[in-house]
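Peer 1: Once you've had a glance at the structure underneath, I'll fire off some questions.
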Amino acid sequence: MATREERPLFSFGIIADVQYGDLDDAMNFTQTKWRHYRNALYLLREAVQHWKEENRIQFVLQLGDIIDGFNTRRKNSENALRDVLQEFDGVPFAVHHIWGNHEFYNFSRNYLMNSPLFTAQENATDVEEVVKKEADAAYYDFSPYKGYRFVVLDNYDVSMCGIGRDKDSPQYKEAEKILRQVNKNEELNSPEGLVGVDRRFVMFNGGMGEEQLQWLRETLEVARQQGEKVVVSGHVPVHPNSCYVMCLLWNYQDVLKILQDFSDIVLAYFSGHDHGGGYHYDSGNEIHHVTLPGVIEVPPGSNAFGTVDVFSDRLVMHGVGQLESRVMK
Ligand SMILES: [Zn+2]
């Protein structure tokens, strides 16, 4: 009988929706949960401390929305970003920052590309490719361990969120067309009148353009040729059973189809955005969809982050607080 490996090949940390702000606690939009803006910073600090003590992760996937959009009300975006990034100063592991809707409430893409939140340059396998592709998109891939590839998606490529895209850009115009076709509300963040998965057509979600989808296919094709296993990540969930449908990517079917076409090499998709979190095992394709609970809505005394140990036949997720632990074969 085969014995299981004792030690992981490598490990990584995961955390989502910190949404820090020097702001008083407030209820979420649906008035169902409290958001603890200041405490979020201490929860991130606790996570970083935990990873330092564990002393085994190689990198962190910060799944987006690291500061809250309400920072703009106090014109405090840059200070909030500085404060939250300070928590990662001098850490003995790499940090991959993914962009969510709140990044764009605070900053333009141009600003983000020149900020520490743009981690493609220092981390991507093919830096030249990152530079030559769409000048202001943040998707890239990297290989932390031989035989493994991680893909970081830019889920707000086609978006109307905040000041991310210029209103004259083709991506903004395309986003507006997509939204208005389905969502007839004056307030495009409202899903009123929309039913089922159509409720995803709200402004706080986004979509991925054809160029990025093509890049994803090509990246997975190369990974397949090289015999690699792949973990994909993005801010927004892509499987309707892994989240509240109002939080799905607009063209989630396109991404899901690509992941399923490469089900022989894709192990899992990690995201945030839906603060309640979620999990679905796409058993037909053997792909795990993990939606992390958001740090911002963690009740006092708890937290929401984890460490994933990668073994040759499974991913073992050690959750802290609201993030459930699980073994994913
Ligand atoms: Zn979000």
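For the structure tokens, the naming scheme is as follows: chains receive sequential letters (A, B, ...) according to their order of presentation, residues are indexed from 1 within each chain, and ligands are indexed from 1 in presentation order.
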Counting only C-alpha atoms and all ligand atoms, which residues of chain A sit at most 12 Å from some atom of ligand 1, and what is each one's closest atom pair with its distance in Å to one decimal, listed by chain and rising residue number, as JSON lines?

Peer 2:
```
{"residue": "A:Ala16", "atom": "CA", "partner": "ligand 1", "partner_atom_place_in_ligand_line": "1 (Zn)", "distance": 8.9}
{"residue": "A:Asp17", "atom": "CA", "partner": "ligand 1", "partner_atom_place_in_ligand_line": "1 (Zn)", "distance": 6.7}
{"residue": "A:Val18", "atom": "CA", "partner": "ligand 1", "partner_atom_place_in_ligand_line": "1 (Zn)", "distance": 9.9}
{"residue": "A:Gln19", "atom": "CA", "partner": "ligand 1", "partner_atom_place_in_ligand_line": "1 (Zn)", "distance": 8.9}
{"residue": "A:Leu63", "atom": "CA", "partner": "ligand 1", "partner_atom_place_in_ligand_line": "1 (Zn)", "distance": 9.1}
{"residue": "A:Gly64", "atom": "CA", "partner": "ligand 1", "partner_atom_place_in_ligand_line": "1 (Zn)", "distance": 6.9}
{"residue": "A:Asp65", "atom": "CA", "partner": "ligand 1", "partner_atom_place_in_ligand_line": "1 (Zn)", "distance": 5.6}
{"residue": "A:Ile66", "atom": "CA", "partner": "ligand 1", "partner_atom_place_in_ligand_line": "1 (Zn)", "distance": 9.3}
{"residue": "A:Ile67", "atom": "CA", "partner": "ligand 1", "partner_atom_place_in_ligand_line": "1 (Zn)", "distance": 10.3}
{"residue": "A:Asp68", "atom": "CA", "partner": "ligand 1", "partner_atom_place_in_ligand_line": "1 (Zn)", "distance": 9.4}
{"residue": "A:Gly69", "atom": "CA", "partner": "ligand 1", "partner_atom_place_in_ligand_line": "1 (Zn)", "distance": 10.0}
{"residue": "A:Ile98", "atom": "CA", "partner": "ligand 1", "partner_atom_place_in_ligand_line": "1 (Zn)", "distance": 10.6}
{"residue": "A:Trp99", "atom": "CA", "partner": "ligand 1", "partner_atom_place_in_ligand_line": "1 (Zn)", "distance": 8.7}
{"residue": "A:Gly100", "atom": "CA", "partner": "ligand 1", "partner_atom_place_in_ligand_line": "1 (Zn)", "distance": 5.1}
{"residue": "A:Asn101", "atom": "CA", "partner": "ligand 1", "partner_atom_place_in_ligand_line": "1 (Zn)", "distance": 5.0}
{"residue": "A:His102", "atom": "CA", "partner": "ligand 1", "partner_atom_place_in_ligand_line": "1 (Zn)", "distance": 6.2}
{"residue": "A:Glu103", "atom": "CA", "partner": "ligand 1", "partner_atom_place_in_ligand_line": "1 (Zn)", "distance": 8.7}
{"residue": "A:Phe104", "atom": "CA", "partner": "ligand 1", "partner_atom_place_in_ligand_line": "1 (Zn)", "distance": 10.1}
{"residue": "A:Tyr105", "atom": "CA", "partner": "ligand 1", "partner_atom_place_in_ligand_line": "1 (Zn)", "distance": 10.5}
{"residue": "A:Asn155", "atom": "CA", "partner": "ligand 1", "partner_atom_place_in_ligand_line": "1 (Zn)", "distance": 10.2}
{"residue": "A:Tyr156", "atom": "CA", "partner": "ligand 1", "partner_atom_place_in_ligand_line": "1 (Zn)", "distance": 10.1}
{"residue": "A:Cys161", "atom": "CA", "partner": "ligand 1", "partner_atom_place_in_ligand_line": "1 (Zn)", "distance": 10.5}
{"residue": "A:Met203", "atom": "CA", "partner": "ligand 1", "partner_atom_place_in_ligand_line": "1 (Zn)", "distance": 10.9}
{"residue": "A:Phe204", "atom": "CA", "partner": "ligand 1", "partner_atom_place_in_ligand_line": "1 (Zn)", "distance": 7.1}
{"residue": "A:Asn205", "atom": "CA", "partner": "ligand 1", "partner_atom_place_in_ligand_line": "1 (Zn)", "distance": 7.6}
{"residue": "A:Gly206", "atom": "CA", "partner": "ligand 1", "partner_atom_place_in_ligand_line": "1 (Zn)", "distance": 10.0}
{"residue": "A:Gly234", "atom": "CA", "partner": "ligand 1", "partner_atom_place_in_ligand_line": "1 (Zn)", "distance": 10.3}
{"residue": "A:His235", "atom": "CA", "partner": "ligand 1", "partner_atom_place_in_ligand_line": "1 (Zn)", "distance": 6.6}
{"residue": "A:Val236", "atom": "CA", "partner": "ligand 1", "partner_atom_place_in_ligand_line": "1 (Zn)", "distance": 7.0}
{"residue": "A:Pro237", "atom": "CA", "partner": "ligand 1", "partner_atom_place_in_ligand_line": "1 (Zn)", "distance": 9.9}
{"residue": "A:Met246", "atom": "CA", "partner": "ligand 1", "partner_atom_place_in_ligand_line": "1 (Zn)", "distance": 11.3}
{"residue": "A:Cys247", "atom": "CA", "partner": "ligand 1", "partner_atom_place_in_ligand_line": "1 (Zn)", "distance": 8.2}
{"residue": "A:Leu248", "atom": "CA", "partner": "ligand 1", "partner_atom_place_in_ligand_line": "1 (Zn)", "distance": 10.4}
{"residue": "A:Leu249", "atom": "CA", "partner": "ligand 1", "partner_atom_place_in_ligand_line": "1 (Zn)", "distance": 10.8}
{"residue": "A:Ser271", "atom": "CA", "partner": "ligand 1", "partner_atom_place_in_ligand_line": "1 (Zn)", "distance": 9.6}
{"residue": "A:Gly272", "atom": "CA", "partner": "ligand 1", "partner_atom_place_in_ligand_line": "1 (Zn)", "distance": 6.9}
{"residue": "A:His273", "atom": "CA", "partner": "ligand 1", "partner_atom_place_in_ligand_line": "1 (Zn)", "distance": 3.8}
{"residue": "A:Asp274", "atom": "CA", "partner": "ligand 1", "partner_atom_place_in_ligand_line": "1 (Zn)", "distance": 6.9}
{"residue": "A:His275", "atom": "CA", "partner": "ligand 1", "partner_atom_place_in_ligand_line": "1 (Zn)", "distance": 8.3}
{"residue": "A:Gly276", "atom": "CA", "partner": "ligand 1", "partner_atom_place_in_ligand_line": "1 (Zn)", "distance": 11.7}
{"residue": "A:Gly277", "atom": "CA", "partner": "ligand 1", "partner_atom_place_in_ligand_line": "1 (Zn)", "distance": 11.7}
{"residue": "A:Thr291", "atom": "CA", "partner": "ligand 1", "partner_atom_place_in_ligand_line": "1 (Zn)", "distance": 11.4}
{"residue": "A:Leu292", "atom": "CA", "partner": "ligand 1", "partner_atom_place_in_ligand_line": "1 (Zn)", "distance": 11.2}
{"residue": "A:Pro293", "atom": "CA", "partner": "ligand 1", "partner_atom_place_in_ligand_line": "1 (Zn)", "distance": 11.1}
{"residue": "A:Gly294", "atom": "CA", "partner": "ligand 1", "partner_atom_place_in_ligand_line": "1 (Zn)", "distance": 9.0}
{"residue": "A:Val295", "atom": "CA", "partner": "ligand 1", "partner_atom_place_in_ligand_line": "1 (Zn)", "distance": 11.6}
{"residue": "A:Ile296", "atom": "CA", "partner": "ligand 1", "partner_atom_place_in_ligand_line": "1 (Zn)", "distance": 10.9}
```

Peer 1: Could you turn the residues from that selection into a file that holds N, CA and C atoms, as a compact mmCIF listing (two decimals), in the first residue's frame?

Peer 2:
```
# COMPACT_ATOMS: atom_id res chain seq x y z
N ALA A 16 -8.68 37.13 1.35
CA ALA A 16 -9.49 37.92 0.41
C ALA A 16 -10.27 39.03 1.11
N ASP A 17 -10.55 40.07 0.35
CA ASP A 17 -11.46 41.15 0.77
C ASP A 17 -11.14 41.71 2.16
N VAL A 18 -9.92 42.20 2.30
CA VAL A 18 -9.54 42.85 3.55
C VAL A 18 -10.33 44.17 3.69
N GLN A 19 -10.43 44.90 2.60
CA GLN A 19 -11.23 46.14 2.53
C GLN A 19 -10.97 47.10 3.69
N LEU A 63 -6.39 37.98 -2.71
CA LEU A 63 -7.39 37.83 -3.77
C LEU A 63 -8.21 39.07 -4.11
N GLY A 64 -7.75 40.23 -3.65
CA GLY A 64 -8.36 41.47 -4.11
C GLY A 64 -9.24 42.21 -3.12
N ASP A 65 -9.54 43.47 -3.44
CA ASP A 65 -10.27 44.38 -2.55
C ASP A 65 -9.50 44.58 -1.24
N ILE A 66 -8.25 44.97 -1.37
CA ILE A 66 -7.41 45.10 -0.17
C ILE A 66 -7.77 46.35 0.63
N ILE A 67 -8.25 47.41 -0.03
CA ILE A 67 -8.78 48.56 0.72
C ILE A 67 -10.21 48.85 0.23
N ASP A 68 -10.98 49.51 1.07
CA ASP A 68 -12.40 49.73 0.74
C ASP A 68 -12.63 50.99 -0.10
N GLY A 69 -13.65 50.93 -0.93
CA GLY A 69 -14.00 52.06 -1.79
C GLY A 69 -14.35 53.33 -1.02
N ILE A 98 -4.13 40.55 -6.41
CA ILE A 98 -5.14 40.45 -7.47
C ILE A 98 -6.05 41.67 -7.36
N TRP A 99 -6.53 42.16 -8.50
CA TRP A 99 -7.34 43.38 -8.48
C TRP A 99 -8.83 43.07 -8.44
N GLY A 100 -9.53 43.73 -7.48
CA GLY A 100 -10.98 43.59 -7.37
C GLY A 100 -11.66 44.93 -7.64
N ASN A 101 -12.98 44.96 -7.50
CA ASN A 101 -13.73 46.18 -7.76
C ASN A 101 -13.30 47.35 -6.87
N HIS A 102 -12.96 47.06 -5.61
CA HIS A 102 -12.60 48.16 -4.71
C HIS A 102 -11.28 48.83 -5.09
N GLU A 103 -10.38 48.08 -5.73
CA GLU A 103 -9.15 48.71 -6.23
C GLU A 103 -9.53 49.84 -7.20
N PHE A 104 -10.56 49.57 -8.01
CA PHE A 104 -10.93 50.55 -9.04
C PHE A 104 -11.81 51.69 -8.50
N TYR A 105 -12.44 51.50 -7.35
CA TYR A 105 -13.14 52.63 -6.74
C TYR A 105 -12.11 53.66 -6.27
N ASN A 155 -10.12 40.05 -13.59
CA ASN A 155 -11.57 39.88 -13.81
C ASN A 155 -12.31 41.18 -14.15
N TYR A 156 -11.63 42.31 -14.03
CA TYR A 156 -12.29 43.61 -14.30
C TYR A 156 -11.73 44.30 -15.54
N CYS A 161 -16.36 49.84 -13.27
CA CYS A 161 -16.13 50.11 -11.85
C CYS A 161 -15.29 51.36 -11.62
N MET A 203 -22.98 46.46 -11.69
CA MET A 203 -21.74 47.18 -11.97
C MET A 203 -20.55 46.73 -11.12
N PHE A 204 -20.82 46.16 -9.94
CA PHE A 204 -19.67 45.77 -9.10
C PHE A 204 -19.01 44.47 -9.56
N ASN A 205 -19.58 43.84 -10.60
CA ASN A 205 -18.89 42.71 -11.23
C ASN A 205 -18.24 43.20 -12.52
N GLY A 206 -17.58 42.30 -13.22
CA GLY A 206 -16.93 42.68 -14.46
C GLY A 206 -16.79 41.48 -15.37
N GLY A 234 -8.62 34.51 -9.25
CA GLY A 234 -9.14 35.80 -9.68
C GLY A 234 -9.98 36.35 -8.55
N HIS A 235 -10.35 37.61 -8.63
CA HIS A 235 -11.15 38.17 -7.55
C HIS A 235 -12.57 37.59 -7.54
N VAL A 236 -13.12 37.36 -8.73
CA VAL A 236 -14.53 37.04 -8.88
C VAL A 236 -14.75 35.54 -9.15
N PRO A 237 -15.72 34.92 -8.47
CA PRO A 237 -16.01 33.49 -8.70
C PRO A 237 -16.53 33.24 -10.12
N MET A 246 -25.20 36.61 -7.52
CA MET A 246 -25.03 38.04 -7.78
C MET A 246 -23.55 38.43 -7.82
N CYS A 247 -22.66 37.52 -7.40
CA CYS A 247 -21.23 37.83 -7.37
C CYS A 247 -20.45 37.18 -8.50
N LEU A 248 -21.14 36.57 -9.46
CA LEU A 248 -20.44 35.86 -10.56
C LEU A 248 -19.84 36.81 -11.59
N LEU A 249 -18.79 36.33 -12.24
CA LEU A 249 -18.20 37.04 -13.38
C LEU A 249 -19.25 37.11 -14.50
N SER A 271 -11.04 32.32 -5.43
CA SER A 271 -11.51 33.69 -5.59
C SER A 271 -11.99 34.24 -4.26
N GLY A 272 -12.43 35.50 -4.29
CA GLY A 272 -13.02 36.14 -3.11
C GLY A 272 -14.31 36.79 -3.55
N HIS A 273 -14.51 38.07 -3.23
CA HIS A 273 -15.61 38.92 -3.72
C HIS A 273 -16.94 38.67 -3.01
N ASP A 274 -17.35 37.40 -2.87
CA ASP A 274 -18.58 37.06 -2.16
C ASP A 274 -18.18 36.86 -0.69
N HIS A 275 -18.50 37.84 0.14
CA HIS A 275 -17.99 37.83 1.52
C HIS A 275 -18.47 36.64 2.34
N GLY A 276 -19.54 36.02 1.91
CA GLY A 276 -20.03 34.84 2.63
C GLY A 276 -19.17 33.61 2.36
N GLY A 277 -18.40 33.66 1.29
CA GLY A 277 -17.57 32.52 0.91
C GLY A 277 -18.40 31.40 0.30
N THR A 291 -14.33 29.87 -2.85
CA THR A 291 -14.57 31.30 -2.68
C THR A 291 -14.28 31.65 -1.23
N LEU A 292 -13.27 32.46 -1.00
CA LEU A 292 -12.89 32.78 0.38
C LEU A 292 -13.87 33.75 1.03
N PRO A 293 -14.18 33.54 2.31
CA PRO A 293 -14.97 34.54 3.04
C PRO A 293 -14.16 35.83 3.14
N GLY A 294 -14.85 36.96 3.18
CA GLY A 294 -14.17 38.25 3.22
C GLY A 294 -13.77 38.65 4.63
N VAL A 295 -12.51 39.05 4.79
CA VAL A 295 -11.99 39.48 6.09
C VAL A 295 -12.85 40.62 6.67
N ILE A 296 -13.31 41.52 5.80
CA ILE A 296 -14.04 42.71 6.24
C ILE A 296 -15.32 42.38 7.02
```

Peer 1: Would you mind writing down, as a PyMOL selection string, each residue of stretch 13-236 of chain A that DSSP on the backbone assigns to strand (DSSP E)?

Peer 2: chain A and resi 13-15+26-27+34-35+57-62+94-97+140-145+148-152+229-233

Peer 1: Hey, can you spit out that residue selection with N, CA, C and O atoms as a short mmCIF file (atom, residue, chain, number, x, y, z; two decimals), in the first residue's frame?

Peer 2:
```cif
data_model
loop_
_atom_site.label_atom_id
_atom_site.label_comp_id
_atom_site.auth_asym_id
_atom_site.auth_seq_id
_atom_site.Cartn_x
_atom_site.Cartn_y
_atom_site.Cartn_z
N GLY A 13 -0.23 30.91 1.00
CA GLY A 13 -1.26 31.52 1.83
C GLY A 13 -2.36 32.12 0.96
O GLY A 13 -2.12 32.50 -0.19
N ILE A 14 -3.58 32.19 1.52
CA ILE A 14 -4.71 32.81 0.80
C ILE A 14 -5.50 33.70 1.75
O ILE A 14 -5.72 33.36 2.91
N ILE A 15 -5.91 34.85 1.20
CA ILE A 15 -6.72 35.80 1.97
C ILE A 15 -7.48 36.68 0.97
O ILE A 15 -6.99 36.92 -0.13
N ALA A 26 -19.70 49.79 9.73
CA ALA A 26 -20.99 50.10 9.09
C ALA A 26 -21.59 48.80 8.57
O ALA A 26 -20.90 47.79 8.43
N MET A 27 -22.89 48.85 8.25
CA MET A 27 -23.54 47.67 7.69
C MET A 27 -23.21 47.55 6.20
O MET A 27 -22.93 48.55 5.54
N TRP A 34 -22.19 43.38 9.51
CA TRP A 34 -21.33 44.51 9.84
C TRP A 34 -20.02 44.42 9.09
O TRP A 34 -19.48 43.34 8.89
N ARG A 35 -19.53 45.59 8.71
CA ARG A 35 -18.19 45.67 8.12
C ARG A 35 -17.30 46.40 9.10
O ARG A 35 -17.62 47.50 9.54
N ILE A 57 5.18 28.90 3.96
CA ILE A 57 4.58 29.31 2.69
C ILE A 57 5.62 29.99 1.80
O ILE A 57 6.55 30.65 2.27
N GLN A 58 5.41 29.78 0.49
CA GLN A 58 6.33 30.36 -0.48
C GLN A 58 5.79 31.71 -0.98
O GLN A 58 6.54 32.57 -1.37
N PHE A 59 4.45 31.81 -0.99
CA PHE A 59 3.85 33.06 -1.46
C PHE A 59 2.41 33.17 -0.93
O PHE A 59 1.85 32.18 -0.45
N VAL A 60 1.86 34.37 -1.04
CA VAL A 60 0.46 34.61 -0.68
C VAL A 60 -0.31 35.04 -1.92
O VAL A 60 0.20 35.82 -2.73
N LEU A 61 -1.52 34.51 -2.06
CA LEU A 61 -2.45 35.04 -3.06
C LEU A 61 -3.39 35.96 -2.31
O LEU A 61 -4.22 35.51 -1.52
N GLN A 62 -3.21 37.26 -2.51
CA GLN A 62 -4.11 38.26 -1.91
C GLN A 62 -5.18 38.47 -2.98
O GLN A 62 -4.92 39.03 -4.04
N ALA A 94 6.73 35.73 -1.17
CA ALA A 94 6.25 36.63 -2.21
C ALA A 94 4.77 36.94 -1.97
O ALA A 94 4.08 36.16 -1.31
N VAL A 95 4.30 38.07 -2.47
CA VAL A 95 2.88 38.39 -2.36
C VAL A 95 2.35 38.72 -3.76
O VAL A 95 2.91 39.56 -4.46
N HIS A 96 1.30 38.00 -4.14
CA HIS A 96 0.65 38.26 -5.43
C HIS A 96 -0.65 38.99 -5.17
O HIS A 96 -1.55 38.45 -4.52
N HIS A 97 -0.75 40.21 -5.67
CA HIS A 97 -1.96 41.00 -5.47
C HIS A 97 -2.88 40.88 -6.68
O HIS A 97 -2.45 41.10 -7.81
N TYR A 140 -1.34 37.37 -15.33
CA TYR A 140 -0.04 36.75 -15.57
C TYR A 140 0.00 35.36 -14.96
O TYR A 140 -0.95 34.95 -14.29
N ASP A 141 1.08 34.64 -15.23
CA ASP A 141 1.23 33.30 -14.67
C ASP A 141 2.63 33.15 -14.12
O ASP A 141 3.55 33.87 -14.51
N PHE A 142 2.76 32.21 -13.18
CA PHE A 142 4.09 31.96 -12.62
C PHE A 142 4.16 30.51 -12.15
O PHE A 142 3.13 29.86 -11.93
N SER A 143 5.39 30.05 -12.03
CA SER A 143 5.59 28.67 -11.59
C SER A 143 6.40 28.67 -10.30
O SER A 143 7.61 28.93 -10.31
N PRO A 144 5.76 28.41 -9.17
CA PRO A 144 6.46 28.46 -7.89
C PRO A 144 7.25 27.19 -7.59
O PRO A 144 8.09 27.16 -6.70
N TYR A 145 6.95 26.13 -8.37
CA TYR A 145 7.56 24.82 -8.09
C TYR A 145 7.51 24.04 -9.39
O TYR A 145 6.52 24.13 -10.13
N TYR A 148 4.27 22.86 -11.50
CA TYR A 148 3.07 23.58 -11.06
C TYR A 148 3.05 25.00 -11.63
O TYR A 148 4.08 25.67 -11.65
N ARG A 149 1.88 25.42 -12.09
CA ARG A 149 1.73 26.78 -12.61
C ARG A 149 0.52 27.45 -11.96
O ARG A 149 -0.51 26.82 -11.74
N PHE A 150 0.68 28.70 -11.64
CA PHE A 150 -0.42 29.51 -11.08
C PHE A 150 -0.77 30.60 -12.07
O PHE A 150 0.11 31.23 -12.65
N VAL A 151 -2.08 30.79 -12.25
CA VAL A 151 -2.56 31.81 -13.17
C VAL A 151 -3.33 32.86 -12.36
O VAL A 151 -4.19 32.51 -11.54
N VAL A 152 -2.98 34.12 -12.58
CA VAL A 152 -3.65 35.23 -11.92
C VAL A 152 -4.47 35.97 -12.97
O VAL A 152 -3.92 36.47 -13.95
N LYS A 229 0.60 21.02 -13.54
CA LYS A 229 -0.71 21.14 -12.93
C LYS A 229 -0.94 22.62 -12.66
O LYS A 229 0.01 23.35 -12.36
N VAL A 230 -2.20 23.04 -12.74
CA VAL A 230 -2.46 24.48 -12.70
C VAL A 230 -3.51 24.87 -11.65
O VAL A 230 -4.54 24.20 -11.50
N VAL A 231 -3.22 25.96 -10.95
CA VAL A 231 -4.19 26.59 -10.04
C VAL A 231 -4.50 27.97 -10.61
O VAL A 231 -3.58 28.73 -10.91
N VAL A 232 -5.80 28.26 -10.78
CA VAL A 232 -6.20 29.55 -11.35
C VAL A 232 -6.81 30.40 -10.24
O VAL A 232 -7.48 29.88 -9.33
N SER A 233 -6.58 31.72 -10.29
CA SER A 233 -7.13 32.60 -9.27
C SER A 233 -7.60 33.91 -9.87
O SER A 233 -7.09 34.36 -10.91
#
```

Peer 1: Give me the residues within 12 Å of A:Met113 as a ChimeraX atom specification, counting only C-alpha atoms and dropping any in the same chain fewer than 2 places off.

Peer 2: /A:97-99,103-104,107-111,115-121,130-131,134-139,164

Peer 1: Please dump the current selection as a compact mmCIF listing (two decimals), in the first residue's frame; keep N, CA and C atoms.

Peer 2:
```
# COMPACT_ATOMS: atom_id res chain seq x y z
N HIS A 97 -0.75 40.21 -5.67
CA HIS A 97 -1.96 41.00 -5.47
C HIS A 97 -2.88 40.88 -6.68
N ILE A 98 -4.13 40.55 -6.41
CA ILE A 98 -5.14 40.45 -7.47
C ILE A 98 -6.05 41.67 -7.36
N TRP A 99 -6.53 42.16 -8.50
CA TRP A 99 -7.34 43.38 -8.48
C TRP A 99 -8.83 43.07 -8.44
N GLU A 103 -10.38 48.08 -5.73
CA GLU A 103 -9.15 48.71 -6.23
C GLU A 103 -9.53 49.84 -7.20
N PHE A 104 -10.56 49.57 -8.01
CA PHE A 104 -10.93 50.55 -9.04
C PHE A 104 -11.81 51.69 -8.50
N PHE A 107 -8.59 53.69 -7.37
CA PHE A 107 -7.48 54.02 -8.28
C PHE A 107 -7.79 53.71 -9.74
N SER A 108 -7.13 54.44 -10.62
CA SER A 108 -7.21 54.13 -12.05
C SER A 108 -6.26 52.96 -12.34
N ARG A 109 -6.47 52.33 -13.48
CA ARG A 109 -5.56 51.25 -13.88
C ARG A 109 -4.14 51.75 -14.02
N ASN A 110 -4.03 52.95 -14.54
CA ASN A 110 -2.71 53.52 -14.73
C ASN A 110 -1.98 53.66 -13.38
N TYR A 111 -2.72 54.13 -12.37
CA TYR A 111 -2.14 54.26 -11.04
C TYR A 111 -1.72 52.88 -10.51
N SER A 115 1.91 50.90 -9.05
CA SER A 115 1.87 50.75 -7.59
C SER A 115 2.34 49.36 -7.19
N PRO A 116 2.58 49.14 -5.88
CA PRO A 116 3.00 47.80 -5.43
C PRO A 116 1.91 46.74 -5.65
N LEU A 117 0.69 47.18 -5.99
CA LEU A 117 -0.36 46.19 -6.25
C LEU A 117 -0.20 45.53 -7.61
N PHE A 118 0.71 46.04 -8.43
CA PHE A 118 0.99 45.39 -9.72
C PHE A 118 2.17 44.45 -9.52
N THR A 119 1.88 43.17 -9.34
CA THR A 119 2.94 42.22 -8.98
C THR A 119 3.39 41.35 -10.15
N ALA A 120 2.87 41.64 -11.34
CA ALA A 120 3.26 40.83 -12.49
C ALA A 120 4.75 40.98 -12.81
N GLN A 121 5.21 42.22 -12.81
CA GLN A 121 6.61 42.48 -13.21
C GLN A 121 7.63 41.65 -12.45
N VAL A 130 4.37 40.02 -20.28
CA VAL A 130 3.52 40.90 -19.47
C VAL A 130 3.59 42.32 -20.00
N VAL A 131 4.79 42.75 -20.36
CA VAL A 131 4.98 44.12 -20.80
C VAL A 131 4.38 44.37 -22.19
N GLU A 134 -1.62 43.74 -23.62
CA GLU A 134 -2.43 44.91 -23.28
C GLU A 134 -1.75 45.71 -22.17
N ALA A 135 -1.49 46.96 -22.44
CA ALA A 135 -0.62 47.74 -21.56
C ALA A 135 -1.16 47.92 -20.14
N ASP A 136 -2.46 47.79 -19.96
CA ASP A 136 -2.96 48.05 -18.62
C ASP A 136 -3.79 46.90 -18.06
N ALA A 137 -3.41 45.70 -18.36
CA ALA A 137 -4.10 44.53 -17.79
C ALA A 137 -3.11 43.79 -16.89
N ALA A 138 -3.64 43.18 -15.85
CA ALA A 138 -2.75 42.65 -14.81
C ALA A 138 -2.76 41.14 -14.71
N TYR A 139 -3.12 40.45 -15.78
CA TYR A 139 -3.11 38.98 -15.69
C TYR A 139 -1.72 38.43 -16.02
N GLY A 164 -11.43 52.89 -12.72
CA GLY A 164 -10.51 51.91 -13.31
C GLY A 164 -10.27 52.16 -14.78
```

Peer 1: Pick out the residues sitting within 10 Å of stretch 179-191 of chain A, and hand them over as a PyMOL selection string; count only C-alpha atoms, and ignore anything fewer than 2 positions along from it in its own chain.

Peer 2: chain A and resi 159-161+173-177+193-195+198-206+246+250

Peer 1: Could you check the closest approach to A:Val222 for each of A:Ile265, A:Gln322, A:Arg56, A:Asn251 and tell me which residue wins, using only C-alpha atoms?

Peer 2: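 Closest candidate: A:Ile265.
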
Peer 1: Skipping near chain neighbours, those fewer than 3 positions away, what residues fall within 12 Å of A:Glu6 using only C-alpha atoms, listed as a ChimeraX atom specification?

Peer 2: /A:3,9-10,309-312,316

Peer 1: Looking at only C-alpha atoms, which of A:Ser283, A:Gln214, A:Asn39, A:Asn76 is the one that sits closest to A:Met328?

Peer 2: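 Result for the nearest residue to A:Met328: A:Ser283.
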
Peer 1: Can you tell me how far atom CA of A:Leu267 sits from atom CA of A:Asn285, in Å to one decimal?

Peer 2: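 One can read the atom CA of A:Leu267 to atom CA of A:Asn285 distance as 9.3 Å.
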
Peer 1: Write out as a list of chain:residue names which residues come within 10 Å of A:Leu43 when counting only C-alpha atoms, dropping same-chain ones fewer than 3 positions away.

Peer 2: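 My list of contacting residues is A:Val18, A:Tyr20, A:Arg38, A:Asn39, A:Ala40, A:Glu46, A:Ala47, A:Val48, A:Gln49, A:Val295, A:Ile296, A:Val298, A:Pro300, A:Gly301, A:Ser302, A:Asn303, A:Ala304, A:Phe305.
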
Peer 1: Quick check, in Å to one decimal: how far apart do atom CA of A:Gly278 and atom CA of A:His318 lie?

Peer 2: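 Separation of atom CA of A:Gly278 and atom CA of A:His318: 15.2 Å.
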